[in-house]
Every structure is written in structure tokens, then in C-alpha cells.
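Below you'll find the structure, written out as C-alpha cells, and then a few comments.
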Amino acid sequence: MNPRNELGLPPIPPLPPDVRERALHPLLDEIDATDPPAPSGHRRHVWAPLLTAAAAVLVAIAVAAAVALSPARPDGPPQPAAVPTAMTTPDPVPQDDRAAPTGDPATDTALTRCATAVAGSGRAAEYPPTGDWTSGPLQERLTPLEHYLIVDDSFVCLLTPTSVVVTSTAGIPVGGVRVVGLTAADLVLVDPGGRRFTIGPAQQRRPDDGGAVMVYRLDPGVSVGDLRLTVSGPDGYDGPVPTPVPPLTVVDQPLPTRAADAPGGPELADCLARFVPEDSVYPDLWIPVGRHDVGGTAPSALLARIGDLAAGFCIDDPAAGPSLVFGALPAPGVRPQVVTRYRGAASAVLLTAPPGTTRVQIAPEDGSTGPTACTVLDGLAMCTLDDPLSSGEAGQRVVVTASTATDPQPFEVYQG
Amino acid sequence: MSTGEGAACVDATPPDDHELWAAAGGGDRGVSKAAFTTLYHRHAGAVWRHAYRLTGTPAAAEDVLAATFLTAWRRRAEVRFVADSARPWLLTVAGNEARTEWRRSTRHERLARRVGAAPAVRDHSEAVVTRLDDRRRLRLVLDALESLSTEHREVVELCMIAEVPQADAARALGIRESTLRSRIRRARARLRTLLAEEELR
């Protein structure tokens, strides 16, 4: 036992062996789930041949075409992907031109994608050297399909499934604050001097968030012309928001769109129709991959994915009607990982099914009924379970188990 | 580690943290796992003691221990070695995790107080009284720590709670030793005031 220390804190018992072992398990699971360093583009294997061909075409276009700014819409900043300003090769920038690792692989990957887009755009001179970039954490925009980074406390890089949108470093500051466009619904306010400001329509002014860069989302039905910007201080500003400088948009990951006659297409379109354009779910990019239908009382579901970026399912919930539920696909691992789940009047779990997955089953946690087989399809495992007792709000708790060729004994992959 | 004198030579010196960390970051998952497990067993005891001191319960300390090594794995590129040891950096990570845990638990307690007082339980055995005194002392210290600036809290946690030597703590925090000593002086004075005020209440 160690004696009381300077602060009079009590002695500490030694680390019990069972605690030592228990606390190690989450770490080993995490290491197992971490994909070892792999050649670039390894997550896009499904579309690799297509992308290679597409890249060759795009490089030719990029060389031949003059890079032009995307025109700003009269009522706001440009759409991110509708009018590409440049196209670039998907080959990442050389190691020397990449920013120092942040410690978060997802942020590093995103930062490299941004740097690649800027380097290949022909407008790299407008930005600091990519190798010197420092970034804040990767942040989700509205759905797992879009993320953004604040780089060098001076510009924002938005990553969509198909393109990279980088806010301009140009623009004349008003009262020390510069306004640039990111998407049709997002403005970026760059405030290097830490000025205090408010922005918004007359009755809904929003204050600055204290950071050097603030992303301001316009409410539905509000346009840039409705906004007023007030910057406090002796040389401040109080007036309409200046026309935002449009961003640099680079289509770097062209993805196929759903064919009109794709099997399951109309059903998927019905599910997607529940979203409005502002939800940024990229409805045209969702491709049906197959149906889960195990008979009995387990609801059927239509599986769909956007390349290796996201996967989801359209389920006809007895209470809520057709619903699309989706999530980002995790980095490949050796064991199934949860992509997304749904609990309504039915319970459903979508997981990855790495090669070698032989069997996946779902069962009520309380053991009231036996396990139901899940459908393993295109690297995914879809599991559904009817819940006859549910009120349609909370659903029931379930357990999903899996077996693999190397680990034939069923092991738990989800409980909740 | 290698002696560089041919395959016949076997170096029995255990690899230092720097070497293990490099092995953990390589592309071979088996090697990564073995290297990080070795690091875990090497430092788990120290991290546990630190976590226990900063949380006061074995359950919370276990959570902090697990969270510290998970965070260390996720942020392995940010590690800062002190004389080839990752321990001071791990203790800094543990301090952050413990603070998160402490805030979570105190929020929970505040909520419980709003909902209603817990039934009073009295036990007059000497051991329990001592434990309650320890808990009270710990709460006083941790509440006082919360009142310090981040810079002062870091040096208190590393030097006065984990008892890391000042030179190592300075290197782990990336500051000069003189700066660290100055911070400790100010933090100690502030803590004395805060603890005296609290004990008078």
C-alpha cells in the first residue's frame, strides 16, 4: 500500500488481475477492428475497375478543359456537385504533400482527399501548401454521407460521396469577417481576428461561436438576401450579407447512378421519396443490392448501398410504412460490424459481412423465441425480427450472433 | 531491437516503449496486437493507480484504464516519449479520461439530488468511516482540481497525484522545467486556498 500523498489522498490498492484482463479486451477488439495500412483506394474495391476507367477519362477532360469558377446561384452559394469546377485524378497527393498525421485515420484520409482535390484543380496556388495544412476534427454535416474539415482556421473542406468542395480563400472582409459559400444551404464566416458578430434573418440572429471559422446553415426557405450581418467593434459592419465567394468544387469520385429499370428501383425510390432535397441523401446514388426475405413473421427488407461509402435498407415497417435506414460503412474488419439498426414495430440490424462469414442470426434478447437467420449478401448481413408485442416506438432488444470460417463457434456481434 | 551482429546473436534486452510503439503502428495486425498488449501490461498498473486516485472508485478506475488505452491506440500517432517511455503521456491521457468520467458522475449525482435524496445509510464500523473520510477528501481534491486552469490541473495531476518526476512531466507536457515548476508553485498555492475554504464549509 502506498502512503497518503502530498494532497492527502488515500492509498491505492494494486490493480486486480481480473480487472487487468477485463480492461484489455476492448483494446484488443479495437485493434482487431482496425484495418491495417493498405494501398490507397482499398475501400473502393467494388467500383475500382469502373473508377479506373472513369479516372482516365476525367484526367483527359481535366487537361483539355480550362478550369472555371462555378457560377453562384442568384439566391445563394453554388450547389456543391451540380456544377463541377474541376475534375481530378483520384491518385492521392505524394506523401510529402500530405499534412502531418492527426492521429485519427478518418481525418487523415479526408485531409488527403481534400489536398488531392486542391492539388489537381489547377487552383492550388490559392491555398497554403497542402503539406502544411492543419485540420480540426472531421465533422458530420447532416448525414454520414457528408463530412467537413476546418483547415488552417481559414477554409472548410466538405467531402460528399462524389466530390470535394473547398471554400475560397478570396473575398473582401466586412468588419473583419469574410463570407464565403460552401453549399446552397451553408455559408462559411471566416473571422481571423476573433470579432464578435451575429448573422441571420431579422428575428433569428445567431451569434458567432467563438471560433475562427463558423459554418452557418440557412434555415429552409431563407436565402442569403434575407440575412443581415452585424460585426461589433469600432470598424464593424451592419448590413446585408455580401455575395458569398463560390467554392472550388472537384468531382473526384464519380459514382454510378441507379438505372431507371434496376430491380427494386421503384421500391427504393418510394423509400427515398420520404427525404427532402435538403437532407442530402443523394437519392440517385443508392443502388439496390438484393432483398432480405426469410419468410415467417420477420419483415422483408430491400438492401441498398452507395459504393463502399454507405449501406442501408428499405423496410416496410408495419407502423411507420416504407423507411430507409442507412449508415456509413465502417473500415473493413475481420468480424461483422454494425452499420445501422432500426427499432420500431420491427427490429432490424444491418451489419458488414466480411469474407468468410458463414452464418449470422438474430434473436430476442429475452429468449422468448429462437434465432432467425439473417441474409448475407454483397458483403452485408441483414437481420430482421418481428415484434408482435411492441407499441411501435421502442421495439425489442435483440442479440445478433455470427460465425466465420475461422471462428465457427457463434459469437455476439450486436446487442441492443 | 537488434545487435546488428548477425542472426546468431540474440538480444535479450526487452524492447523499449518507442520500439513497441513503432511495431504497433506497422501493417501486421498480429505484431500490432502483441506490441500494444505488451505496452498495456507494462503500464496498466501505473495508469490504474492514477485513475483510481482521480476517480475514487474501482469501477470508474477500470473504465478509465480501458478508455486510456483505447484512446492511446486511436491517437497513437500523437504519443510523446520521455526517455523512450510512454508512461507520462499515458498518464496525461488517463487524466483527461478521468476528468470526463468525473464530470459524468458528478452530473449524475447532481441529477440524483434534484430527483430526490438517496436514503441515508449509516454504518459505524471504523473501516467504513475511514472509507467515507477518504471519499470526502477525494471529492474535495477533485472539486478543487476542477477549479484550476487546464495548465495547472495537468501539472498537479502528473506531479502531485501520479508523482511523475518534474523533468519527465515537463517533457511529456512539452514545456520547460522552469515553467512546470512555476505552474506547480501557483497551483499548489491555489489548491491550499481552495481546500482550506472547502474544509471550513
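Within each chain, counting starts at residue 1; across the C-alpha cells, chains are named A, B, ... in the order shown, with ligands numbered 1 upward in that order.
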
Please report, as CSV, each residue of chain B lying at most 7 Å from chain A, together with the nearest pair of atoms and the separation in Å rounded to one decimal; use only C-alpha atoms, and order rows by chain and ascending residue number.
residue,atom,partner,partner_atom,distance
B:Gly27,CA,A:Pro36,CA,4.9
B:Asp28,CA,A:Pro36,CA,6.7
B:Arg29,CA,A:Pro36,CA,6.4
B:Lys33,CA,A:Ile31,CA,6.5
B:Gly45,CA,A:Leu15,CA,5.7
B:Trp48,CA,A:Leu15,CA,6.3
B:Arg49,CA,A:Ile12,CA,6.1
B:Tyr52,CA,A:Ile12,CA,6.9
B:Glu62,CA,A:Ala23,CA,6.5
B:Leu65,CA,A:Ala23,CA,6.5
B:Ala66,CA,A:Ala23,CA,4.6
B:Phe69,CA,A:Leu27,CA,6.6
B:Leu70,CA,A:Leu27,CA,5.4
B:Arg74,CA,A:Asp104,CA,6.5
B:Arg75,CA,A:Gly103,CA,4.5
B:Arg76,CA,A:Gly103,CA,6.2
B:Ala77,CA,A:Gly103,CA,4.8
B:Glu78,CA,A:Gly103,CA,5.9
B:Asp134,CA,A:Pro10,CA,5.9
B:Arg137,CA,A:Leu9,CA,6.7
B:Leu138,CA,A:Leu9,CA,6.2
B:Met160,CA,A:Glu6,CA,6.7

_Selection near Thr134 (chain A), 9 Å with only C-alpha atoms, sequence-local residues under 6 positions removed, as a list in words_ =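 The residues satisfying every condition are Ala99, Ala100, Thr102, Leu111, Ile150, Val151, Asp152 and Asp153 of chain A.
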
Please write the residues from the selection above to a file, keeping C-alpha atoms, as a PDB file, in the first residue's frame.
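Produced file out19.pdb, reproduced below:
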ATOM      1  CA  ALA A  99      -0.473  17.079 -43.897  1.00  0.00           C
ATOM      2  CA  ALA A 100       1.093  15.638 -40.746  1.00  0.00           C
ATOM      3  CA  THR A 102      -3.609  13.856 -36.845  1.00  0.00           C
ATOM      4  CA  LEU A 111      -7.457  15.609 -45.386  1.00  0.00           C
ATOM      5  CA  ILE A 150     -11.897  23.214 -40.935  1.00  0.00           C
ATOM      6  CA  VAL A 151      -8.365  23.625 -42.274  1.00  0.00           C
ATOM      7  CA  ASP A 152      -5.777  26.121 -41.029  1.00  0.00           C
ATOM      8  CA  ASP A 153      -8.585  28.045 -39.324  1.00  0.00           C
TER       9      ASP A 153
END

Name the residues in contact with Val47 (chain B) at a cut-off of 7 Å, using only C-alpha atoms, excluding same-chain residues fewer than 3 positions from it; report them as an mmCIF file with N, CA and C atoms, in the first residue's frame.
data_model
loop_
_atom_site.group_PDB
_atom_site.id
_atom_site.type_symbol
_atom_site.label_atom_id
_atom_site.label_comp_id
_atom_site.auth_asym_id
_atom_site.auth_seq_id
_atom_site.Cartn_x
_atom_site.Cartn_y
_atom_site.Cartn_z
ATOM 1 N N HIS B 43 2.259 -0.778 -18.513
ATOM 2 C CA HIS B 43 1.834 0.485 -17.898
ATOM 3 C C HIS B 43 0.461 0.428 -17.222
ATOM 4 N N ALA B 44 -0.225 -0.713 -17.332
ATOM 5 C CA ALA B 44 -1.599 -0.779 -16.810
ATOM 6 C C ALA B 44 -1.647 -0.467 -15.310
ATOM 7 N N HIS B 50 -3.254 5.838 -11.057
ATOM 8 C CA HIS B 50 -3.571 7.233 -11.351
ATOM 9 C C HIS B 50 -5.083 7.406 -11.501
ATOM 10 N N ALA B 51 -5.687 6.474 -12.242
ATOM 11 C CA ALA B 51 -7.132 6.556 -12.485
ATOM 12 C C ALA B 51 -7.904 6.416 -11.166
ATOM 13 N N LEU B 65 -9.125 3.100 -17.117
ATOM 14 C CA LEU B 65 -7.997 2.285 -17.587
ATOM 15 C C LEU B 65 -8.265 1.820 -19.026
ATOM 16 N N LEU B 91 -0.289 8.761 -18.758
ATOM 17 C CA LEU B 91 -0.901 9.311 -17.545
ATOM 18 C C LEU B 91 -1.642 10.614 -17.866
ATOM 19 N N ALA B 94 -4.808 9.468 -19.326
ATOM 20 C CA ALA B 94 -5.658 8.960 -18.239
ATOM 21 C C ALA B 94 -6.293 10.117 -17.468
#

*asked:* Report as a ChimeraX atom specification all protein, DNA and RNA residues lying within 9 Å of Glu126 (chain A), evaluated on only C-alpha atoms, omitting residues in the same chain fewer than 6 positions from it.
replied: /A:168-170

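Using only C-alpha atoms, the shortest contact distance between Ala273 (chain A) and any of A:Gly221, A:Pro299, A:Pro247, A:Pro322 is found at A:Pro322.
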